[in-house]
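One structure is given below, encoded as structure tokens.
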Amino acid sequence: MLVLSAAGCGGTAELASPWSANPVSIDGSAAEWSGSLTPLKDAPVSLGVRNDADFLYLCLTTSEEQFRGRMLFPGFTVWFEATDGARLGVQYPVGVMNRDRGAFMREEGAAPESRDELIERALSELEILGSERDDRTVFSTLQTPGVFVKIGRSDGSVVYEMKVPLARSKERPYAIGAAPGAQVRFSFESNAMAAGRGERGMGEHGGGMRPGGGMRPGSGGMPGGELPGEGMGTERPARRQGIGPMSPLEYKAVLRLSASAGR
């Protein structure tokens, strides 16, 4: 089970990553994480991590309201920092509001299908971020070398799964840069957005995202083609549902990777 100790409000938590005897399937399901997801004190999500010799596996679960308001619309980034200071960020979803805020927020003349298309596109791509401000590359979720991410639903919650290589190689050029047994600084964050207006904060890697081509439904994001429609794309923005402004989602921890089974 995930071992978590908080360092107090505003501090940095410490996480111990259990050893994974078998590779985790990145399928947007929490079935493989039963009993190993821990609710976080300062964020409305439950978190699970584990690693083997080659990969770090991550699972986040949250309510659909929180997912829409704090992850899908503004964009969501997971960060890893190795002991040498090198940083790897995975931004997914890239953020509906980062793509075409005006098209999504128009109250008249925007058919539900148009909003669905924007959401589908936001879930069909991810962006790899490096240590430098301009070090960023957009990939299709089907073509990212070595990094895998999937969003699905399980027992009424949204499930966010990720698989990231520990060491770089020719086949895996994007990696954390850490070995089993090492410590890694880990965080996740979303951009600020006032519900109903699409406003967001501008962090170090903030700013507009480069647009990309759409993909067929079911090619990325929700499993089984459940991209828009299932309670996401066909609904009006948060303000129309009586949801107040949501603060950015943010969490930081020091992650201690297991060196081997039982350690």
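In the structure tokens, each chain is lettered A, B, ... as it comes, each chain's residues begin at 1, and ligands are numbered from 1 in order of appearance.
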
- If you count only C-alpha atoms, which residues fall within 6 Å of segment 43-60 of chain A, apart from same-chain ones fewer than 6 positions away, as JSON, numbers by chain? {"A": [17, 18, 19, 20, 36, 37, 159, 160, 161, 162, 163, 164, 165, 166, 180]}

Now that the selection is made, can you save its residues with C-alpha atoms as a PDB file, in the first residue's frame?
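After the write, selection-v1.pdb holds the following:
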```pdb
ATOM      1  CA  SER A  17       6.240   3.759  -4.067  1.00  0.00           C
ATOM      2  CA  PRO A  18       5.585   0.013  -3.619  1.00  0.00           C
ATOM      3  CA  TRP A  19       7.218  -2.450  -5.996  1.00  0.00           C
ATOM      4  CA  SER A  20       4.991  -3.664  -8.809  1.00  0.00           C
ATOM      5  CA  SER A  36      -3.878   1.018  -2.844  1.00  0.00           C
ATOM      6  CA  LEU A  37      -5.475   4.415  -3.488  1.00  0.00           C
ATOM      7  CA  VAL A 159      -9.790   7.448 -13.284  1.00  0.00           C
ATOM      8  CA  TYR A 160      -6.521   8.936 -14.558  1.00  0.00           C
ATOM      9  CA  GLU A 161      -3.702   6.445 -15.200  1.00  0.00           C
ATOM     10  CA  MET A 162      -0.153   7.131 -16.343  1.00  0.00           C
ATOM     11  CA  LYS A 163       2.972   5.102 -17.104  1.00  0.00           C
ATOM     12  CA  VAL A 164       6.335   6.891 -17.361  1.00  0.00           C
ATOM     13  CA  PRO A 165       9.786   5.373 -18.057  1.00  0.00           C
ATOM     14  CA  LEU A 166      12.380   5.690 -15.310  1.00  0.00           C
ATOM     15  CA  PRO A 180      14.768   2.110  -8.720  1.00  0.00           C
TER      16      PRO A 180
END
```

- Message: Set the distance at 12 Å and use only C-alpha atoms: which residues neighbour Leu129 of chain A once local chain neighbours fewer than 3 positions away are removed? I'd like the list as a PyMOL selection string.
- Response: chain A and resi 77-81+86-92+94+126+132-139+174-176+204-206

- Mind giving me the straight-line distance from atom CA of Glu189 of chain A to atom CA of Ser169 of chain A in Å, one decimal?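 These atoms are spaced 27.2 Å apart.
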
Between segment 122-191 of chain A and segment 245-260 of chain A, at 7 Å or less, what are the per-residue closest atom pairs and their distances in Å? Count only C-alpha atoms, order by chain and rising residue number, and return it as a Markdown table.
```
| residue | atom | partner | partner_atom | distance |
| --- | --- | --- | --- | --- |
| A:Pro180 | CA | A:Ala259 | CA | 4.4 |
| A:Gly181 | CA | A:Ala259 | CA | 3.9 |
| A:Ala182 | CA | A:Leu257 | CA | 5.6 |
| A:Gln183 | CA | A:Arg256 | CA | 4.5 |
| A:Val184 | CA | A:Leu255 | CA | 5.0 |
| A:Arg185 | CA | A:Val254 | CA | 4.6 |
| A:Phe186 | CA | A:Ala253 | CA | 5.2 |
| A:Ser187 | CA | A:Lys252 | CA | 4.2 |
| A:Phe188 | CA | A:Tyr251 | CA | 5.5 |
| A:Glu189 | CA | A:Glu250 | CA | 4.3 |
| A:Ser190 | CA | A:Leu249 | CA | 5.1 |
| A:Asn191 | CA | A:Pro248 | CA | 5.6 |
```

Produce a file of the selected residues containing N, CA and C atoms, as a PDB file, in the first residue's frame.
```
ATOM      1  N   PRO A 180      15.471   2.657  -9.893  1.00  0.00           N
ATOM      2  CA  PRO A 180      14.768   2.110  -8.720  1.00  0.00           C
ATOM      3  C   PRO A 180      15.568   2.372  -7.443  1.00  0.00           C
ATOM      4  N   GLY A 181      14.878   2.777  -6.389  1.00  0.00           N
ATOM      5  CA  GLY A 181      15.525   3.108  -5.125  1.00  0.00           C
ATOM      6  C   GLY A 181      15.836   4.582  -4.957  1.00  0.00           C
ATOM      7  N   ALA A 182      15.713   5.365  -6.035  1.00  0.00           N
ATOM      8  CA  ALA A 182      16.026   6.791  -5.964  1.00  0.00           C
ATOM      9  C   ALA A 182      14.847   7.588  -5.430  1.00  0.00           C
ATOM     10  N   GLN A 183      15.108   8.841  -5.110  1.00  0.00           N
ATOM     11  CA  GLN A 183      14.061   9.774  -4.726  1.00  0.00           C
ATOM     12  C   GLN A 183      13.763  10.704  -5.902  1.00  0.00           C
ATOM     13  N   VAL A 184      12.494  11.009  -6.084  1.00  0.00           N
ATOM     14  CA  VAL A 184      12.047  11.858  -7.183  1.00  0.00           C
ATOM     15  C   VAL A 184      11.062  12.878  -6.634  1.00  0.00           C
ATOM     16  N   ARG A 185      11.244  14.122  -6.999  1.00  0.00           N
ATOM     17  CA  ARG A 185      10.241  15.135  -6.655  1.00  0.00           C
ATOM     18  C   ARG A 185       9.071  14.993  -7.614  1.00  0.00           C
ATOM     19  N   PHE A 186       7.872  14.936  -7.063  1.00  0.00           N
ATOM     20  CA  PHE A 186       6.681  14.648  -7.831  1.00  0.00           C
ATOM     21  C   PHE A 186       5.627  15.702  -7.512  1.00  0.00           C
ATOM     22  N   SER A 187       4.922  16.159  -8.534  1.00  0.00           N
ATOM     23  CA  SER A 187       3.839  17.116  -8.296  1.00  0.00           C
ATOM     24  C   SER A 187       2.837  17.030  -9.429  1.00  0.00           C
ATOM     25  N   PHE A 188       1.645  17.517  -9.149  1.00  0.00           N
ATOM     26  CA  PHE A 188       0.686  17.732 -10.231  1.00  0.00           C
ATOM     27  C   PHE A 188      -0.008  19.055  -9.997  1.00  0.00           C
ATOM     28  N   GLU A 189      -0.477  19.647 -11.081  1.00  0.00           N
ATOM     29  CA  GLU A 189      -1.060  20.971 -10.997  1.00  0.00           C
ATOM     30  C   GLU A 189      -2.000  21.207 -12.171  1.00  0.00           C
ATOM     31  N   SER A 190      -2.955  22.089 -11.955  1.00  0.00           N
ATOM     32  CA  SER A 190      -3.820  22.549 -13.044  1.00  0.00           C
ATOM     33  C   SER A 190      -3.757  24.059 -13.085  1.00  0.00           C
ATOM     34  N   ASN A 191      -4.127  24.622 -14.224  1.00  0.00           N
ATOM     35  CA  ASN A 191      -4.209  26.063 -14.332  1.00  0.00           C
ATOM     36  C   ASN A 191      -5.462  26.564 -13.631  1.00  0.00           C
TER      37      ASN A 191
END
```

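For the set A:Ser154, A:Ser124, A:Thr38, A:Thr12, the residue with the smallest atom-to-atom gap to Val96 of chain A is A:Ser124, counting only C-alpha atoms.
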
- Near-Arg172 of chain A list (6 Å; only C-alpha atoms; drop same-chain fewer than 3 positions) as a ChimeraX atom specification: /A:145-146,168-169
